[in-house]
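structure30.txt follows (compact mmCIF, N, CA and C atoms):
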```
# COMPACT_ATOMS: atom_id res chain seq x y z
N MET B 1338 -10.06 -17.54 -51.87
CA MET B 1338 -9.55 -16.25 -52.28
C MET B 1338 -10.66 -15.21 -52.19
N ASN B 1339 -10.33 -14.01 -51.72
CA ASN B 1339 -11.32 -12.95 -51.71
C ASN B 1339 -11.32 -12.24 -53.07
N ASP B 1340 -12.22 -11.28 -53.24
CA ASP B 1340 -12.36 -10.60 -54.54
C ASP B 1340 -11.07 -9.88 -54.95
N VAL B 1341 -10.40 -9.22 -54.01
CA VAL B 1341 -9.16 -8.50 -54.33
C VAL B 1341 -8.13 -9.49 -54.87
N GLU B 1342 -7.95 -10.60 -54.17
CA GLU B 1342 -6.96 -11.60 -54.59
C GLU B 1342 -7.33 -12.22 -55.94
N THR B 1343 -8.61 -12.45 -56.15
CA THR B 1343 -9.08 -13.05 -57.40
C THR B 1343 -8.79 -12.13 -58.59
N VAL B 1344 -9.15 -10.86 -58.44
CA VAL B 1344 -8.93 -9.89 -59.53
C VAL B 1344 -7.43 -9.69 -59.75
N LYS B 1345 -6.67 -9.55 -58.67
CA LYS B 1345 -5.23 -9.34 -58.80
C LYS B 1345 -4.58 -10.54 -59.49
N ALA B 1346 -4.96 -11.75 -59.11
CA ALA B 1346 -4.39 -12.94 -59.74
C ALA B 1346 -4.67 -12.95 -61.24
N PHE B 1347 -5.87 -12.56 -61.65
CA PHE B 1347 -6.21 -12.52 -63.07
C PHE B 1347 -5.32 -11.51 -63.81
N ILE B 1348 -5.18 -10.31 -63.24
CA ILE B 1348 -4.37 -9.27 -63.88
C ILE B 1348 -2.91 -9.72 -63.97
N VAL B 1349 -2.38 -10.24 -62.90
CA VAL B 1349 -0.98 -10.68 -62.87
C VAL B 1349 -0.75 -11.80 -63.88
N ASP B 1350 -1.63 -12.79 -63.87
CA ASP B 1350 -1.45 -13.95 -64.77
C ASP B 1350 -1.63 -13.60 -66.24
N ASN B 1351 -2.57 -12.71 -66.55
CA ASN B 1351 -2.93 -12.46 -67.95
C ASN B 1351 -2.26 -11.25 -68.58
N PHE B 1352 -1.83 -10.29 -67.76
CA PHE B 1352 -1.27 -9.06 -68.31
C PHE B 1352 0.15 -8.76 -67.84
N LEU B 1353 0.53 -9.29 -66.69
CA LEU B 1353 1.85 -9.00 -66.14
C LEU B 1353 2.77 -10.21 -66.15
N PHE B 1354 2.28 -11.30 -66.69
CA PHE B 1354 3.08 -12.52 -66.85
C PHE B 1354 3.75 -12.95 -65.56
N GLY B 1355 2.99 -12.87 -64.46
CA GLY B 1355 3.46 -13.34 -63.18
C GLY B 1355 4.24 -12.33 -62.35
N GLU B 1356 4.49 -11.14 -62.89
CA GLU B 1356 5.25 -10.11 -62.16
C GLU B 1356 4.29 -9.11 -61.51
N SER B 1357 4.15 -9.19 -60.20
CA SER B 1357 3.17 -8.34 -59.52
C SER B 1357 3.78 -7.26 -58.65
N LYS B 1358 5.08 -7.08 -58.69
CA LYS B 1358 5.73 -6.17 -57.74
C LYS B 1358 5.26 -4.72 -57.85
N GLU B 1359 4.87 -4.25 -59.02
CA GLU B 1359 4.44 -2.86 -59.19
C GLU B 1359 2.92 -2.68 -59.07
N LEU B 1360 2.19 -3.75 -58.89
CA LEU B 1360 0.73 -3.67 -58.91
C LEU B 1360 0.17 -3.50 -57.50
N GLU B 1361 -0.41 -2.35 -57.26
CA GLU B 1361 -1.11 -2.06 -56.01
C GLU B 1361 -2.60 -2.06 -56.31
N GLU B 1362 -3.42 -2.05 -55.27
CA GLU B 1362 -4.86 -2.07 -55.48
C GLU B 1362 -5.37 -0.85 -56.22
N ASP B 1363 -4.68 0.29 -56.10
CA ASP B 1363 -5.15 1.50 -56.76
C ASP B 1363 -4.33 1.87 -58.00
N THR B 1364 -3.47 0.97 -58.48
CA THR B 1364 -2.71 1.20 -59.70
C THR B 1364 -3.65 1.25 -60.89
N SER B 1365 -3.59 2.33 -61.67
CA SER B 1365 -4.44 2.47 -62.85
C SER B 1365 -3.96 1.53 -63.95
N PHE B 1366 -4.85 0.67 -64.41
CA PHE B 1366 -4.51 -0.26 -65.49
C PHE B 1366 -4.20 0.50 -66.78
N LEU B 1367 -4.99 1.53 -67.07
CA LEU B 1367 -4.85 2.26 -68.33
C LEU B 1367 -3.66 3.21 -68.31
N GLU B 1368 -3.50 3.97 -67.24
CA GLU B 1368 -2.40 4.94 -67.16
C GLU B 1368 -1.03 4.26 -67.19
N THR B 1369 -0.93 3.08 -66.60
CA THR B 1369 0.35 2.37 -66.56
C THR B 1369 0.55 1.45 -67.75
N GLY B 1370 -0.49 1.31 -68.59
CA GLY B 1370 -0.38 0.44 -69.75
C GLY B 1370 -0.49 -1.04 -69.45
N ILE B 1371 -0.94 -1.37 -68.25
CA ILE B 1371 -1.10 -2.78 -67.89
C ILE B 1371 -2.17 -3.43 -68.76
N VAL B 1372 -3.27 -2.71 -68.95
CA VAL B 1372 -4.40 -3.23 -69.72
C VAL B 1372 -4.74 -2.21 -70.80
N ASP B 1373 -4.89 -2.69 -72.04
CA ASP B 1373 -5.31 -1.81 -73.13
C ASP B 1373 -6.79 -2.04 -73.41
N SER B 1374 -7.31 -1.46 -74.46
CA SER B 1374 -8.74 -1.56 -74.74
C SER B 1374 -9.18 -3.01 -74.98
N THR B 1375 -8.36 -3.79 -75.64
CA THR B 1375 -8.69 -5.20 -75.83
C THR B 1375 -8.65 -5.93 -74.50
N GLY B 1376 -7.69 -5.57 -73.67
CA GLY B 1376 -7.58 -6.19 -72.35
C GLY B 1376 -8.79 -5.89 -71.48
N ILE B 1377 -9.38 -4.71 -71.65
CA ILE B 1377 -10.59 -4.38 -70.89
C ILE B 1377 -11.70 -5.37 -71.24
N LEU B 1378 -11.80 -5.73 -72.51
CA LEU B 1378 -12.81 -6.71 -72.91
C LEU B 1378 -12.55 -8.06 -72.25
N GLU B 1379 -11.28 -8.44 -72.16
CA GLU B 1379 -10.92 -9.67 -71.45
C GLU B 1379 -11.28 -9.58 -69.97
N LEU B 1380 -11.03 -8.42 -69.37
CA LEU B 1380 -11.36 -8.21 -67.96
C LEU B 1380 -12.86 -8.31 -67.74
N VAL B 1381 -13.63 -7.70 -68.63
CA VAL B 1381 -15.09 -7.77 -68.52
C VAL B 1381 -15.57 -9.22 -68.62
N ALA B 1382 -15.04 -9.97 -69.57
CA ALA B 1382 -15.42 -11.37 -69.72
C ALA B 1382 -15.07 -12.16 -68.45
N PHE B 1383 -13.90 -11.89 -67.88
CA PHE B 1383 -13.48 -12.55 -66.65
C PHE B 1383 -14.45 -12.21 -65.51
N ILE B 1384 -14.79 -10.94 -65.35
CA ILE B 1384 -15.70 -10.52 -64.28
C ILE B 1384 -17.04 -11.20 -64.43
N GLU B 1385 -17.57 -11.18 -65.65
CA GLU B 1385 -18.89 -11.78 -65.88
C GLU B 1385 -18.88 -13.28 -65.59
N GLU B 1386 -17.85 -13.95 -66.05
CA GLU B 1386 -17.78 -15.40 -65.86
C GLU B 1386 -17.49 -15.78 -64.41
N THR B 1387 -16.54 -15.10 -63.80
CA THR B 1387 -16.10 -15.46 -62.46
C THR B 1387 -17.13 -15.09 -61.39
N PHE B 1388 -17.76 -13.94 -61.55
CA PHE B 1388 -18.66 -13.44 -60.52
C PHE B 1388 -20.13 -13.60 -60.89
N GLY B 1389 -20.41 -14.15 -62.05
CA GLY B 1389 -21.78 -14.46 -62.45
C GLY B 1389 -22.66 -13.24 -62.61
N ILE B 1390 -22.10 -12.16 -63.14
CA ILE B 1390 -22.88 -10.95 -63.38
C ILE B 1390 -22.78 -10.55 -64.84
N ARG B 1391 -23.69 -9.69 -65.26
CA ARG B 1391 -23.63 -9.10 -66.60
C ARG B 1391 -23.34 -7.63 -66.43
N MET B 1392 -22.37 -7.15 -67.16
CA MET B 1392 -22.04 -5.72 -67.11
C MET B 1392 -22.77 -5.01 -68.25
N ALA B 1393 -23.54 -4.02 -67.89
CA ALA B 1393 -24.24 -3.21 -68.90
C ALA B 1393 -23.24 -2.29 -69.59
N ASP B 1394 -23.57 -1.88 -70.80
CA ASP B 1394 -22.68 -1.00 -71.56
C ASP B 1394 -22.32 0.26 -70.79
N ASP B 1395 -23.30 0.83 -70.06
CA ASP B 1395 -23.02 2.06 -69.32
C ASP B 1395 -22.16 1.84 -68.07
N GLU B 1396 -21.86 0.58 -67.75
CA GLU B 1396 -20.99 0.26 -66.62
C GLU B 1396 -19.53 0.06 -67.05
N LEU B 1397 -19.28 0.08 -68.35
CA LEU B 1397 -17.93 -0.14 -68.88
C LEU B 1397 -17.16 1.18 -68.89
N ILE B 1398 -16.88 1.67 -67.70
CA ILE B 1398 -16.21 2.95 -67.52
C ILE B 1398 -15.00 2.78 -66.59
N PRO B 1399 -14.02 3.67 -66.68
CA PRO B 1399 -12.82 3.55 -65.82
C PRO B 1399 -13.14 3.48 -64.34
N GLU B 1400 -14.17 4.19 -63.90
CA GLU B 1400 -14.54 4.17 -62.49
C GLU B 1400 -14.86 2.75 -62.01
N ASN B 1401 -15.21 1.86 -62.91
CA ASN B 1401 -15.51 0.47 -62.56
C ASN B 1401 -14.39 -0.50 -62.91
N LEU B 1402 -13.50 -0.13 -63.82
CA LEU B 1402 -12.59 -1.13 -64.40
C LEU B 1402 -11.11 -0.75 -64.41
N ASP B 1403 -10.72 0.41 -63.89
CA ASP B 1403 -9.36 0.89 -64.10
C ASP B 1403 -8.35 0.51 -63.02
N SER B 1404 -8.76 -0.22 -62.01
CA SER B 1404 -7.83 -0.67 -60.98
C SER B 1404 -8.47 -1.83 -60.23
N ILE B 1405 -7.68 -2.52 -59.46
CA ILE B 1405 -8.23 -3.61 -58.64
C ILE B 1405 -9.30 -3.05 -57.70
N SER B 1406 -9.00 -1.94 -57.04
CA SER B 1406 -9.97 -1.39 -56.09
C SER B 1406 -11.24 -0.93 -56.80
N ASN B 1407 -11.13 -0.37 -58.00
CA ASN B 1407 -12.33 0.02 -58.75
C ASN B 1407 -13.19 -1.20 -59.09
N VAL B 1408 -12.56 -2.28 -59.53
CA VAL B 1408 -13.31 -3.49 -59.86
C VAL B 1408 -13.99 -4.05 -58.63
N VAL B 1409 -13.28 -4.14 -57.52
CA VAL B 1409 -13.85 -4.70 -56.30
C VAL B 1409 -14.99 -3.82 -55.78
N ASN B 1410 -14.81 -2.50 -55.82
CA ASN B 1410 -15.89 -1.60 -55.41
C ASN B 1410 -17.12 -1.79 -56.29
N TYR B 1411 -16.90 -1.94 -57.59
CA TYR B 1411 -18.00 -2.19 -58.52
C TYR B 1411 -18.72 -3.50 -58.15
N LEU B 1412 -17.96 -4.55 -57.89
CA LEU B 1412 -18.56 -5.83 -57.53
C LEU B 1412 -19.38 -5.72 -56.25
N GLN B 1413 -18.89 -4.97 -55.29
CA GLN B 1413 -19.62 -4.78 -54.03
C GLN B 1413 -20.91 -4.01 -54.26
N ARG B 1414 -20.87 -2.98 -55.13
CA ARG B 1414 -22.09 -2.24 -55.44
C ARG B 1414 -23.11 -3.15 -56.14
N LYS B 1415 -22.63 -3.97 -57.06
CA LYS B 1415 -23.53 -4.90 -57.78
C LYS B 1415 -24.15 -5.89 -56.80
N ALA B 1416 -23.36 -6.37 -55.85
CA ALA B 1416 -23.88 -7.32 -54.87
C ALA B 1416 -24.95 -6.68 -53.99
N ARG B 1417 -24.76 -5.41 -53.62
CA ARG B 1417 -25.73 -4.71 -52.78
C ARG B 1417 -27.04 -4.49 -53.52
N THR B 1418 -26.94 -4.18 -54.81
CA THR B 1418 -28.16 -3.89 -55.56
C THR B 1418 -28.82 -5.15 -56.13
N GLY B 1419 -28.06 -6.24 -56.13
CA GLY B 1419 -28.59 -7.51 -56.61
C GLY B 1419 -28.81 -7.56 -58.10
N SER B 1420 -28.12 -6.66 -58.83
CA SER B 1420 -28.31 -6.67 -60.30
C SER B 1420 -27.07 -7.14 -61.01
```
For this file, produce the structure as structure tokens.
Amino acid sequence: MNDVETVKAFIVDNFLFGESKELEEDTSFLETGIVDSTGILELVAFIEETFGIRMADDELIPENLDSISNVVNYLQRKARTGS
């Protein structure tokens, strides 16, 4: 599975209970109510565990976590910088 599929599978399984028909790569998790503030913490834990990275407090922003594409772009930036 690539990063997009991995992140999408997590969101679908944990927040949409297997229903993915409305979820696009750029669907806002917060605006659509897919993920709430507690869910963001779950998403961060998933990212850290699955991709072996640590997210700094200043990285916990919508630009990094509010959609599948935002998460994947964040992961790609982290991979490029090696941090």
Can you list, as a list in words, every residue of segment 1346-1404 of chain B that DSSP puts in alpha helix (DSSP H)?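 Of segment 1346-1404 of chain B, only Ala1346, Phe1347, Ile1348, Val1349, Asp1350, Asn1351, Phe1352, Ser1374, Thr1375, Gly1376, Ile1377, Leu1378, Glu1379, Leu1380, Val1381, Ala1382, Phe1383, Ile1384, Glu1385, Glu1386, Thr1387, Phe1388, Pro1399, Glu1400, Asn1401 and Leu1402 of chain B fall in alpha helix (DSSP H).
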Put the listed atoms of segment 1381-1386 of chain B in a box along x, y and z with 3 Å added on every side and give me the centre and edge lengths in Å to one decimal, as AutoDock Vina command-line options.
```
--center_x -16.2 --center_y -11.7 --center_z -67.0 --size_x 11.4 --size_y 14.1 --size_z 11.4
```
So what do you get for atom CA of Phe1366 of chain B versus atom CA of Arg1417 of chain B, distance-wise?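 One can read the atom CA of Phe1366 of chain B to atom CA of Arg1417 of chain B distance as 25.1 Å.
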Shortest contact to Phe1352 of chain B, candidates B:Glu1379, B:Thr1387, B:Ser1406, B:Ile1371, atoms counted only N, CA and C atoms, goes to B:Ile1371
Any idea what the distance is between atom CA of Ile1390 of chain B and atom CA of Phe1354 of chain B?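 For atom CA of Ile1390 of chain B relative to atom CA of Phe1354 of chain B, the distance reads 26.2 Å.
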Write out as a PyMOL selection string each polymer residue whose atoms come within 8 Å of segment 1338-1343 of chain B, counting only N, CA and C atoms; drop sequence neighbours fewer than 3 positions from it. chain B and resi 1346-1349+1362+1405-1406+1408-1409
Separation of atom N of Phe1388 of chain B and atom C of Lys1358 of chain B, in Å?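 Computed distance, atom N of Phe1388 of chain B to atom C of Lys1358 of chain B, equals 25.1 Å.
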Neighbours of point (-5.1, 3.1, -58.9) within 10 Å, using only C-alpha atoms, written as a PDB file with N, CA and C atoms, in the frame of the given file:
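The file below, out33.pdb, is the result:
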```
ATOM      1  N   LEU B1360       2.190  -3.750 -58.890  1.00  0.00           N
ATOM      2  CA  LEU B1360       0.730  -3.670 -58.910  1.00  0.00           C
ATOM      3  C   LEU B1360       0.170  -3.500 -57.500  1.00  0.00           C
ATOM      4  N   GLU B1361      -0.410  -2.350 -57.260  1.00  0.00           N
ATOM      5  CA  GLU B1361      -1.110  -2.060 -56.010  1.00  0.00           C
ATOM      6  C   GLU B1361      -2.600  -2.060 -56.310  1.00  0.00           C
ATOM      7  N   GLU B1362      -3.420  -2.050 -55.270  1.00  0.00           N
ATOM      8  CA  GLU B1362      -4.860  -2.070 -55.480  1.00  0.00           C
ATOM      9  C   GLU B1362      -5.370  -0.850 -56.220  1.00  0.00           C
ATOM     10  N   ASP B1363      -4.680   0.290 -56.100  1.00  0.00           N
ATOM     11  CA  ASP B1363      -5.150   1.500 -56.760  1.00  0.00           C
ATOM     12  C   ASP B1363      -4.330   1.870 -58.000  1.00  0.00           C
ATOM     13  N   THR B1364      -3.470   0.970 -58.480  1.00  0.00           N
ATOM     14  CA  THR B1364      -2.710   1.200 -59.700  1.00  0.00           C
ATOM     15  C   THR B1364      -3.650   1.250 -60.890  1.00  0.00           C
ATOM     16  N   SER B1365      -3.590   2.330 -61.670  1.00  0.00           N
ATOM     17  CA  SER B1365      -4.440   2.470 -62.850  1.00  0.00           C
ATOM     18  C   SER B1365      -3.960   1.530 -63.950  1.00  0.00           C
ATOM     19  N   PHE B1366      -4.850   0.670 -64.410  1.00  0.00           N
ATOM     20  CA  PHE B1366      -4.510  -0.260 -65.490  1.00  0.00           C
ATOM     21  C   PHE B1366      -4.200   0.500 -66.780  1.00  0.00           C
ATOM     22  N   LEU B1367      -4.990   1.530 -67.070  1.00  0.00           N
ATOM     23  CA  LEU B1367      -4.850   2.260 -68.330  1.00  0.00           C
ATOM     24  C   LEU B1367      -3.660   3.210 -68.310  1.00  0.00           C
ATOM     25  N   GLU B1368      -3.500   3.970 -67.240  1.00  0.00           N
ATOM     26  CA  GLU B1368      -2.400   4.940 -67.160  1.00  0.00           C
ATOM     27  C   GLU B1368      -1.030   4.260 -67.190  1.00  0.00           C
ATOM     28  N   THR B1369      -0.930   3.080 -66.600  1.00  0.00           N
ATOM     29  CA  THR B1369       0.350   2.370 -66.560  1.00  0.00           C
ATOM     30  C   THR B1369       0.550   1.450 -67.750  1.00  0.00           C
ATOM     31  N   ASP B1403     -10.720   0.410 -63.890  1.00  0.00           N
ATOM     32  CA  ASP B1403      -9.360   0.890 -64.100  1.00  0.00           C
ATOM     33  C   ASP B1403      -8.350   0.510 -63.020  1.00  0.00           C
ATOM     34  N   SER B1404      -8.760  -0.220 -62.010  1.00  0.00           N
ATOM     35  CA  SER B1404      -7.830  -0.670 -60.980  1.00  0.00           C
ATOM     36  C   SER B1404      -8.470  -1.830 -60.230  1.00  0.00           C
ATOM     37  N   ILE B1405      -7.680  -2.520 -59.460  1.00  0.00           N
ATOM     38  CA  ILE B1405      -8.230  -3.610 -58.640  1.00  0.00           C
ATOM     39  C   ILE B1405      -9.300  -3.050 -57.700  1.00  0.00           C
ATOM     40  N   SER B1406      -9.000  -1.940 -57.040  1.00  0.00           N
ATOM     41  CA  SER B1406      -9.970  -1.390 -56.090  1.00  0.00           C
ATOM     42  C   SER B1406     -11.240  -0.930 -56.800  1.00  0.00           C
ATOM     43  N   ASN B1407     -11.130  -0.370 -58.000  1.00  0.00           N
ATOM     44  CA  ASN B1407     -12.330   0.020 -58.750  1.00  0.00           C
ATOM     45  C   ASN B1407     -13.190  -1.200 -59.090  1.00  0.00           C
TER      46      ASN B1407
END
```
Measuring between only C-alpha atoms, which one of B:Glu1400, B:Glu1359, B:Glu1385, B:Asp1373 shows the shortest distance to Val1344 of chain B?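 Once distances to Val1344 of chain B are computed over only C-alpha atoms, the minimum belongs to B:Glu1385.
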Choose the residue, out of B:Gln1413, B:Leu1380, B:Ile1398, B:Gly1419, that has the smallest atom-to-atom separation from Asp1350 of chain B; count only C-alpha atoms.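 Answer, going by the shortest atom-to-atom distance: B:Leu1380.
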Polymer residues at most 9 Å from Arg1391 of chain B, only C-alpha atoms, same-chain spacing of 4 or more positions, as number ranges by chain: B: 1381, 1384-1386, 1420
